[in-house]
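Student: If it helps, the file is called coords_6.csv and holds CSV, C-alpha atoms:
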chain,number,residue,atom,x,y,z
I,135,MET,CA,10.0,-32.8,14.3
I,136,LYS,CA,12.0,-31.2,11.5
I,137,SER,CA,15.3,-33.0,10.8
I,138,LEU,CA,18.4,-32.4,8.7
I,139,ALA,CA,17.3,-35.6,6.8
I,140,GLU,CA,14.5,-33.5,5.3
I,141,LEU,CA,17.0,-31.0,4.1
I,142,LYS,CA,18.9,-33.9,2.4
I,143,ALA,CA,15.7,-34.8,0.7
I,144,ILE,CA,15.3,-31.2,-0.5
I,145,LYS,CA,18.9,-31.4,-1.7
I,146,GLU,CA,18.2,-34.6,-3.7
I,147,LYS,CA,15.1,-33.1,-5.2
I,148,MET,CA,17.0,-29.9,-6.2
I,149,LYS,CA,20.0,-31.7,-7.6
I,150,ASP,CA,18.5,-32.2,-11.1
I,151,LYS,CA,17.0,-28.8,-11.2
I,152,VAL,CA,18.9,-25.9,-12.7
I,153,VAL,CA,19.2,-23.5,-9.8
I,154,LEU,CA,18.7,-19.9,-10.9
I,155,ARG,CA,21.3,-17.6,-9.5
I,156,GLU,CA,20.5,-14.1,-8.6
I,157,GLY,CA,19.9,-11.9,-11.6
I,158,SER,CA,19.7,-14.7,-14.1
I,159,ALA,CA,15.9,-14.7,-14.3
I,160,GLN,CA,14.0,-12.6,-16.8
I,161,ILE,CA,12.4,-10.4,-14.1
I,162,ARG,CA,14.1,-9.1,-11.0
I,163,ILE,CA,11.9,-7.9,-8.1
I,164,VAL,CA,13.9,-5.8,-5.6
I,165,VAL,CA,12.7,-4.7,-2.2
I,166,GLY,CA,14.3,-1.8,-0.2
I,167,MET,CA,15.4,-3.3,3.1
I,168,ALA,CA,17.3,-0.5,4.8
I,169,THR,CA,16.2,1.0,8.2
I,170,CYS,CA,13.6,3.1,6.4
I,171,GLY,CA,12.1,0.2,4.5
I,172,ILE,CA,12.1,-2.2,7.5
I,173,ALA,CA,10.5,0.4,9.7
I,174,ALA,CA,7.8,1.1,7.1
I,175,GLY,CA,6.9,-2.6,6.8
I,176,ALA,CA,9.2,-4.1,4.1
I,177,ARG,CA,9.6,-7.5,5.8
I,178,PRO,CA,6.0,-8.7,5.2
I,179,VAL,CA,6.1,-7.3,1.7
I,180,LEU,CA,9.3,-9.3,0.9
I,181,ASN,CA,7.9,-12.5,2.4
I,182,ALA,CA,4.6,-12.1,0.4
I,183,LEU,CA,6.6,-11.6,-2.8
I,184,VAL,CA,8.8,-14.6,-2.2
I,185,GLU,CA,5.8,-16.8,-1.4
I,186,ALA,CA,3.6,-15.5,-4.3
I,187,VAL,CA,6.4,-16.0,-6.8
I,188,ASN,CA,7.2,-19.5,-5.6
I,189,GLU,CA,3.7,-20.7,-4.9
I,190,GLY,CA,2.6,-19.3,-8.3
I,191,GLY,CA,5.2,-21.3,-10.1
I,192,LEU,CA,7.0,-18.2,-11.3
I,193,SER,CA,10.4,-18.9,-9.8
I,194,ASP,CA,11.9,-19.6,-13.2
I,195,LYS,CA,10.7,-16.3,-14.5
I,196,ALA,CA,11.4,-13.9,-11.5
I,197,THR,CA,13.7,-13.6,-8.6
I,198,VAL,CA,13.1,-11.6,-5.4
I,199,THR,CA,16.1,-9.8,-4.0
I,200,GLN,CA,16.8,-7.2,-1.2
I,201,THR,CA,18.6,-4.0,-1.5
I,202,GLY,CA,19.5,-1.0,0.8
I,203,CYS,CA,18.0,2.4,0.8
I,204,ILE,CA,16.5,3.4,-2.5
I,205,GLY,CA,16.6,7.1,-1.6
I,206,LEU,CA,12.9,7.7,-1.4
I,207,CYS,CA,12.3,6.9,2.3
I,208,GLN,CA,8.9,8.6,2.5
I,209,TYR,CA,7.6,6.2,-0.1
I,210,GLU,CA,8.7,3.0,1.6
I,211,PRO,CA,8.0,0.1,1.4
I,212,ILE,CA,9.3,0.3,-2.2
I,213,VAL,CA,9.4,-2.6,-4.7
I,214,GLU,CA,11.2,-2.2,-8.0
I,215,VAL,CA,10.6,-4.5,-10.9
I,216,PHE,CA,13.4,-4.8,-13.5
I,217,GLU,CA,12.8,-6.5,-16.8
I,218,ALA,CA,15.1,-6.8,-19.7
I,219,ASP,CA,14.4,-4.2,-22.4
I,220,LYS,CA,11.7,-2.5,-20.3
I,221,GLU,CA,11.6,0.5,-18.2
I,222,LYS,CA,11.9,-0.1,-14.4
I,223,VAL,CA,8.6,0.0,-12.6
I,224,THR,CA,8.7,1.5,-9.0
I,225,TYR,CA,5.9,0.5,-6.7
I,226,VAL,CA,5.5,2.6,-3.5
I,227,LYS,CA,3.8,2.4,-0.1
I,228,MET,CA,3.5,-1.4,-0.5
I,229,ASP,CA,2.0,-4.0,1.8
I,230,ALA,CA,1.6,-7.8,1.6
I,231,GLU,CA,-1.8,-7.6,-0.2
I,232,LYS,CA,-0.5,-5.2,-2.8
I,233,ALA,CA,2.6,-7.3,-3.3
I,234,LYS,CA,0.4,-10.4,-4.1
I,235,ARG,CA,-1.5,-8.4,-6.6
I,236,VAL,CA,1.7,-7.1,-8.3
I,237,VAL,CA,2.9,-10.7,-8.7
I,238,GLU,CA,-0.5,-11.9,-10.0
I,239,GLU,CA,-1.1,-9.0,-12.5
I,240,HIS,CA,2.4,-7.7,-13.4
I,241,ILE,CA,4.8,-10.7,-13.0
I,242,LYS,CA,2.4,-13.3,-14.1
I,243,GLY,CA,0.0,-11.3,-16.3
I,244,GLY,CA,2.4,-8.8,-17.7
I,245,LYS,CA,0.2,-5.8,-16.8
I,246,ILE,CA,1.6,-3.0,-14.6
I,247,VAL,CA,-0.6,-2.2,-11.5
I,248,SER,CA,-0.4,1.5,-12.3
I,249,GLU,CA,-2.3,2.6,-9.2
I,250,TYR,CA,0.5,1.5,-6.9
I,251,THR,CA,3.3,3.0,-8.9
I,252,ILE,CA,5.2,6.1,-7.9
I,253,GLY,CA,3.7,8.0,-10.8
I,254,ALA,CA,0.2,7.5,-9.4
I,255,SER,CA,1.3,8.5,-5.9
I,256,LYS,CA,2.7,11.9,-6.7
A,83,MET,CA,10.4,0.1,15.1
A,84,LYS,CA,7.3,-1.8,16.1
A,85,GLU,CA,9.2,-5.0,17.0
A,86,LEU,CA,12.7,-5.8,18.4
A,87,SER,CA,12.8,-8.4,15.7
A,88,LEU,CA,12.8,-5.6,13.1
A,89,ASN,CA,15.8,-4.0,14.9
A,90,ILE,CA,17.5,-7.4,14.7
A,91,LEU,CA,16.9,-7.5,10.9
A,92,ASP,CA,18.2,-3.9,10.5
A,93,ILE,CA,21.3,-4.2,12.7
A,94,ALA,CA,22.3,-7.6,11.2
A,95,GLU,CA,22.3,-5.9,7.8
A,96,ASN,CA,25.2,-3.7,9.0
A,97,SER,CA,27.1,-6.9,9.7
A,98,VAL,CA,26.4,-8.1,6.2
A,99,LYS,CA,27.6,-4.8,4.7
A,100,ALA,CA,30.8,-5.0,6.9
A,101,GLY,CA,31.6,-8.2,5.0
A,102,ALA,CA,30.9,-10.7,7.9
A,103,THR,CA,31.0,-14.4,7.0
A,104,LEU,CA,29.4,-15.2,10.4
A,105,THR,CA,26.8,-13.2,12.3
A,106,GLU,CA,25.7,-14.4,15.7
A,107,ILE,CA,22.4,-13.1,16.9
A,108,SER,CA,21.3,-13.8,20.5
A,109,VAL,CA,18.2,-12.8,22.3
A,110,LEU,CA,18.6,-13.6,26.0
A,111,GLU,CA,15.6,-13.3,28.3
A,112,GLU,CA,16.6,-13.5,32.0
A,113,ASN,CA,14.6,-12.2,34.9
A,114,ASP,CA,13.4,-8.8,33.9
A,115,THR,CA,15.8,-8.1,31.0
A,116,ILE,CA,16.1,-8.9,27.4
A,117,THR,CA,19.6,-8.7,26.1
A,118,LEU,CA,20.1,-8.5,22.4
A,119,VAL,CA,23.6,-9.3,21.1
A,120,ILE,CA,24.6,-9.1,17.4
A,121,LYS,CA,28.2,-10.1,16.9
A,122,ASP,CA,30.0,-10.4,13.6
A,123,ASN,CA,33.4,-11.1,12.1
A,124,GLY,CA,33.1,-8.2,9.6
A,125,SER,CA,35.6,-5.5,9.0
A,126,GLY,CA,34.9,-3.7,12.2
A,127,MET,CA,35.0,0.1,12.7
A,128,THR,CA,37.8,2.5,13.5
A,129,ASP,CA,37.6,4.3,16.8
A,130,GLU,CA,36.6,7.5,15.0
A,131,VAL,CA,33.6,5.9,13.4
A,132,LEU,CA,32.7,3.9,16.5
A,133,LYS,CA,32.5,7.2,18.5
A,134,SER,CA,29.8,8.5,16.2
A,135,VAL,CA,27.7,5.5,15.3
A,136,THR,CA,24.9,6.3,17.8
A,137,ASN,CA,24.7,9.9,16.7
A,138,PRO,CA,22.0,10.2,14.0
A,139,PHE,CA,23.3,13.6,12.9
A,140,TYR,CA,26.7,12.3,12.1
A,141,THR,CA,26.3,12.2,8.4
A,142,THR,CA,29.6,12.5,6.6
A,143,ARG,CA,29.6,10.7,3.3
A,144,THR,CA,32.1,8.0,4.2
A,145,THR,CA,30.0,6.8,7.1
A,146,ARG,CA,26.5,7.6,6.2
A,147,LYS,CA,25.6,4.0,5.8
A,148,VAL,CA,25.6,3.8,9.6
A,149,GLY,CA,22.5,5.9,9.5
A,150,MET,CA,19.5,5.7,11.8
A,151,GLY,CA,19.7,2.0,12.8
A,152,LEU,CA,21.9,2.1,15.9
A,153,PRO,CA,20.5,5.5,17.2
A,154,LEU,CA,17.0,4.0,17.0
A,155,LEU,CA,18.0,0.8,18.9
A,156,LYS,CA,19.8,3.0,21.5
A,157,LEU,CA,16.7,5.1,22.0
A,158,GLU,CA,14.5,2.1,22.3
A,159,ALA,CA,16.8,0.4,24.8
A,160,GLU,CA,17.2,3.6,26.9
A,161,MET,CA,13.5,4.3,27.0
A,162,THR,CA,13.1,1.1,29.1
A,163,GLY,CA,16.0,2.1,31.4
A,164,GLY,CA,18.4,-0.1,29.5
A,165,SER,CA,21.5,0.6,27.4
A,166,LEU,CA,23.3,0.1,24.1
A,167,THR,CA,27.0,-0.7,23.8
A,168,VAL,CA,29.0,-1.1,20.6
A,169,GLU,CA,32.5,-2.6,20.6
A,170,SER,CA,34.5,-3.0,17.5
A,171,ARG,CA,37.9,-4.0,16.3
A,172,HIS,CA,38.8,-2.7,12.9
A,173,ILE,CA,40.5,-4.9,10.4
A,174,SER,CA,43.5,-2.5,10.1
A,175,ASP,CA,44.4,-3.0,13.8
A,176,TYR,CA,43.2,-6.6,14.2
A,177,PRO,CA,43.8,-8.4,10.9
A,178,ASN,CA,43.0,-11.8,12.4
A,179,ASN,CA,40.4,-10.9,15.0
A,180,HIS,CA,38.2,-8.2,13.7
A,181,GLY,CA,34.5,-7.5,14.0
A,182,THR,CA,31.7,-5.7,15.9
A,183,VAL,CA,29.5,-6.6,18.9
A,184,VAL,CA,26.3,-4.7,19.4
A,185,THR,CA,24.7,-5.3,22.8
A,186,ALA,CA,21.3,-3.8,23.7
A,187,VAL,CA,19.7,-4.3,27.1
A,188,PHE,CA,15.9,-3.8,27.6
A,189,TYR,CA,13.9,-3.9,30.8
A,190,LYS,CA,10.8,-5.9,29.7
A,191,ASN,CA,8.5,-4.7,32.4
A,192,HIS,CA,8.9,-1.1,31.4
A,193,ILE,CA,5.8,0.2,29.6
A,194,ASP,CA,7.9,1.5,26.7
A,195,CYS,CA,9.6,-1.9,26.1
A,196,THR,CA,9.1,-2.9,22.4
A,197,PRO,CA,7.7,-6.4,22.0
A,198,ILE,CA,10.2,-9.0,20.6
A,199,GLY,CA,7.9,-9.8,17.8
A,200,ASP,CA,8.4,-12.2,14.9
A,201,VAL,CA,12.0,-13.2,15.1
A,202,VAL,CA,11.5,-16.2,12.9
A,203,SER,CA,10.4,-13.9,10.1
A,204,SER,CA,13.5,-11.8,10.6
A,205,MET,CA,15.8,-14.8,10.4
A,206,THR,CA,14.2,-16.2,7.2
A,207,THR,CA,14.3,-12.7,5.7
A,208,LEU,CA,18.1,-12.4,6.5
A,209,ILE,CA,18.8,-15.9,5.1
A,210,GLN,CA,16.7,-15.2,2.0
A,211,GLY,CA,18.7,-12.0,1.3
A,212,HIS,CA,22.1,-13.4,2.2
A,213,PRO,CA,22.3,-17.1,1.4
A,214,ASP,CA,26.0,-17.1,1.1
A,215,ILE,CA,26.9,-16.0,4.6
A,216,ASP,CA,26.2,-17.8,7.9
A,217,PHE,CA,24.0,-16.9,10.8
A,218,LEU,CA,24.0,-18.4,14.3
A,219,PHE,CA,20.7,-17.6,16.1
A,220,LEU,CA,20.0,-18.3,19.7
A,221,HIS,CA,16.9,-17.2,21.6
A,222,LYS,CA,17.1,-18.2,25.2
A,223,MET,CA,14.0,-18.0,27.3
A,224,GLU,CA,13.4,-19.0,30.9
A,225,ASN,CA,12.4,-22.6,30.2
A,226,LYS,CA,13.5,-23.1,26.6
A,227,LYS,CA,15.9,-22.2,23.9
A,228,VAL,CA,15.6,-21.9,20.1
A,229,LEU,CA,18.7,-22.5,18.0
A,230,LEU,CA,19.6,-22.2,14.4
A,231,ASP,CA,23.1,-22.6,12.8
A,232,THR,CA,23.1,-22.1,9.0
A,233,ARG,CA,26.5,-23.8,8.9
A,234,GLU,CA,24.9,-27.1,9.7
A,235,LEU,CA,22.2,-26.6,7.1
A,236,ARG,CA,24.8,-25.6,4.5
A,237,ASN,CA,26.6,-28.9,5.2
A,238,ALA,CA,23.5,-30.9,4.7
A,239,LEU,CA,22.5,-29.1,1.6
A,240,GLU,CA,25.8,-29.6,-0.3
A,241,GLY,CA,25.6,-26.7,-2.6
A,242,VAL,CA,21.9,-26.1,-2.8
A,243,PRO,CA,21.5,-22.4,-1.9
A,244,LEU,CA,20.0,-21.6,1.5
A,245,ASN,CA,17.5,-19.3,-0.1
A,246,THR,CA,15.8,-22.0,-2.1
A,247,TYR,CA,12.1,-21.6,-1.3
A,248,GLU,CA,11.8,-25.1,0.1
A,249,VAL,CA,14.7,-24.5,2.4
A,250,ILE,CA,13.4,-21.2,3.6
A,251,LYS,CA,10.1,-22.8,4.4
A,252,TRP,CA,11.9,-25.6,6.2
A,253,ILE,CA,13.8,-23.1,8.3
A,254,GLU,CA,10.6,-21.3,9.2
A,255,GLU,CA,9.0,-24.5,10.4
A,256,PHE,CA,12.1,-25.7,12.1
A,257,LEU,CA,12.2,-22.5,14.2
A,258,ASN,CA,8.5,-22.3,14.8
A,259,GLU,CA,8.5,-25.9,16.1
A,260,GLN,CA,11.2,-25.0,18.7
A,261,TYR,CA,9.0,-22.2,20.0
A,262,ILE,CA,6.0,-24.4,20.3
A,263,ILE,CA,7.6,-27.3,22.2
Mind turning the file's structure into structure tokens?

Tutor:
Amino acid sequence: MKSLAELKAIKEKMKDKVVLREGSAQIRIVVGMATCGIAAGARPVLNALVEAVNEGGLSDKATVTQTGCIGLCQYEPIVEVFEADKEKVTYVKMDAEKAKRVVEEHIKGGKIVSEYTIGASK
Amino acid sequence: MKELSLNILDIAENSVKAGATLTEISVLEENDTITLVIKDNGSGMTDEVLKSVTNPFYTTRTTRKVGMGLPLLKLEAEMTGGSLTVESRHISDYPNNHGTVVTAVFYKNHIDCTPIGDVVSSMTTLIQGHPDIDFLFLHKMENKKVLLDTRELRNALEGVPLNTYEVIKWIEEFLNEQYII
């Protein structure tokens, strides 16, 4: 059984760690989570991104956040990657598998997965 | 929407945008109905806005954020013979007691009834995106109930954010366990 004591243990573990606040990481991954995004399948995309970033040990480098309607509903689920001094990258029609690949190749490897970008989709 | 849990995620976002500090989400299964209640202490809506929230073609700029979420939920509920009601108290008229309650009733034996789906995933998604506000989740079934109150977790965590990955994983397992038992 899960207990609150386990949460206390997590708290103790995190105490000494500098907790990254939203936006303080080098890379910001943003998922559109309005009605259009949710209906198109944004929830599993978000969860896959959160898992891949954390399991891949990239949580110091990138944060995953949610936003409202990005304004391109027909391309949902949409994932935007913001990195300081670089142009924003917009990935469209995403799913959980594509999200994992973006984390592996783009976030970890630094190479944009161009076939998933809005430029390739048009 | 393919799952009611996705409607929950979508409608709860309205509460977040309305500045709620506590959003109560209940899924109540009794006899042949599923009643979904999303209650918040956000800013509420004026009577004028309230009248048009379920009209998808009501698109003046000031209220366009209301959008398709509620009309969709209304359609899905009515397709099963159920209903949607929205009650709201705007902060200007009720400075100490404002907020919105959305209630949707579904008849689960109707062929058009959307499955409840992965509610656990919707709850973890909400908490991941909004770690600074509280959610009270209750799913009451015939012979069991699943409960989560982020205020309790927040107390235990003493400042560690609720969207810390380990905490999100803990919440996921905590809820899944209650469904299995």

Student: As an MDAnalysis selection string, could you give me every residue of chain A near chain I (at most 6 Å apart, counting all atoms listed in the file)?

Tutor: chainID A and resid 83 92 151 211 238:239 256

Student: Any idea what's packed within 6 Å of region 108-110 of chain A, counting only C-alpha atoms, ignoring anything in its chain fewer than 4 positions away? Could you give it as an MDAnalysis selection string?

Tutor: chainID A and resid 116:119 219:222

Student: Between A:Ile215, A:Cys195, A:Leu166, A:Val184, which one has atoms that come closest to Lys99 (chain A), using only C-alpha atoms?

Tutor: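 Under the stated criterion, the closest residue is A:Ile215.
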
Student: Which neighbours of Ile120 (chain A) fall inside 9 Å, counting all atoms listed in the file, when residues of the same chain fewer than 3 positions from it are skipped, and could you give them as JSON, numbers by chain?

Tutor: {"A": [90, 93, 94, 97, 105, 106, 107, 108, 109, 182, 183, 184, 185, 186]}

Student: Please report the interatomic distance between CA of Lys242 (chain I) and CA of Ala196 (chain I) in Å with one decimal.

Tutor: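 For CA of Lys242 (chain I) relative to CA of Ala196 (chain I), the distance reads 9.4 Å.
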
Student: Please measure the separation of CA of Ala254 (chain I) and CA of Ala159 (chain I), giving the value in Å to one decimal.

Tutor: 27.6 Å

Student: Using all atoms listed in the file - which residues lie no farther than 9 Å from the point (28.4, -17.3, 6.0) in the file's frame? Write them as a PyMOL selection string.

Tutor: chain A and resi 102-105+212-217+232-233

Student: Just how far from CA of Leu132 (chain A) is CA of Thr115 (chain A), in Å to one decimal?

Tutor: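 Those two atoms sit 25.3 Å apart.
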
Student: When you look at region 222-230 of chain I with a cut-off of 9 Å (counting all atoms listed in the file), what residues show up, excluding the ones that are within fewer than 2 positions of it in the same chain? I need them as number ranges by chain.

Tutor: I: 174-176, 178-183, 208-217, 220, 232-236, 246-253, 255

Student: List the spatial neighbours of Val202 (chain A) as a list in words - criterion: any atom at most 8 Å away, only C-alpha atoms, same-chain residues fewer than 4 positions off excluded.

Tutor: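 The contact residues come out as Thr206, Glu254, Leu257 and Asn258 of chain A.
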
Student: Tell me which protein, DNA and RNA residues are within 8 Å of Gly181 (chain A), counting only C-alpha atoms, leaving out same-chain ones fewer than 5 positions away, and put them as a list in words.

Tutor: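 Once the adjacent positions are removed, what remains is Ala102, Lys121, Asp122, Asn123, Gly124, Ser125, Gly126, Met127, Ser170, Arg171, His172 and Ile173 of chain A.
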